[in-house]
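Novice: My structure is below; once you've seen it, I'll send some questions.
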Amino acid sequence: MPLTDHTPVYQNVQSEHLRAWFAETLSHYPELLDRPIYLRKISMRYSTMRAQPVINWRFFRRKYRHYRVDFSNHLEVTAHVKVRELPRDVVVGWFAHELGHIVDYLDRPWRGMIAFGLGYALWSRYMREAERRADSIAVDHGFGSEIIATKHYLMEHATLPRHYKKRLKKYYLSADEIEALITAYEERGEMPDIVDI
Ligand SMILES: [Zn+2]
């Protein structure tokens, strides 16, 4: 049983299992219950998955803002691997990370969102911290092992170009750092507020 009956809005997502995995991941984020969350498949040149607020009048009203997770037809890094062909843990870890970004956006007023966008684009330390927060929020929602599965997949995938791996190492947490986050999470004595697994 999911924690919430939150139904995402799908845009150009035909794959039934991707829909099911996204809905299942989202159901573990109760703070996103009251707002529309979109999952959209589009062609992206420079990223494989991203989470952004939808830019419309609601963007300016934090309470009413909509958010969207976009994913590309193909993994940016491997022309032949399709997201729908990836293993479940890898995809769920990836979705959980993107939803972590959205939770991180929730309390930011629109000016704060614009500052975030600029900081992310211009300042590598800011980007690294934002990626760290997204992973950490996903771990706190019970997705530690899936986040690690995603990292392992990306780092160990033989066809990844070297510059991409370098970027992953520079800006994203390593599997060891995530293990440390999981341990810290467990030592705080908190159980995930999820009881259906
Ligand atoms: Zn990210």
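If you're wondering about the labels, chains in the structure tokens are A, B, ... by order shown, residues count from 1 in each chain, ligands from 1 in order shown.
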Taking only C-alpha atoms and all ligand atoms into account, list the residues no farther than 7 Å from ligand 1, as a PyMOL selection string.

Specialist: chain A and resi 50+97-98+101+131+134

Novice: Would you mind listing, for every residue of segment 102-192 of chain A within 10 Å of segment 24-48 of chain A, the two atoms forming the shortest contact and the distance between them in Å to one decimal, using only C-alpha atoms, sorted by chain and ascending residue number, as JSON lines?

Specialist:
```
{"residue": "A:Ile102", "atom": "CA", "partner": "A:Leu32", "partner_atom": "CA", "distance": 8.4}
{"residue": "A:Val103", "atom": "CA", "partner": "A:Leu32", "partner_atom": "CA", "distance": 7.4}
{"residue": "A:Leu106", "atom": "CA", "partner": "A:Leu32", "partner_atom": "CA", "distance": 8.7}
{"residue": "A:Ile137", "atom": "CA", "partner": "A:Tyr29", "partner_atom": "CA", "distance": 9.9}
{"residue": "A:Ala138", "atom": "CA", "partner": "A:Tyr29", "partner_atom": "CA", "distance": 9.2}
{"residue": "A:His141", "atom": "CA", "partner": "A:His28", "partner_atom": "CA", "distance": 6.6}
{"residue": "A:Gly142", "atom": "CA", "partner": "A:His28", "partner_atom": "CA", "distance": 8.2}
{"residue": "A:Phe143", "atom": "CA", "partner": "A:Thr25", "partner_atom": "CA", "distance": 8.8}
{"residue": "A:Pro192", "atom": "CA", "partner": "A:His28", "partner_atom": "CA", "distance": 9.4}
```

Novice: Nearest residue to Ala96 of chain A out of A:Tyr126, A:Tyr120, A:Trp21, A:Tyr153, using only C-alpha atoms?

Specialist: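 With only C-alpha atoms as the atom set, the closest residue is A:Trp21.
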
Novice: Choose the residue, out of A:Val81, A:Met113, A:Ala20, A:Val91, that has the smallest atom-to-atom separation from Arg61 of chain A; count only C-alpha atoms.

Specialist: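 Of the candidates, the smallest distance to Arg61 of chain A is held by A:Met113.
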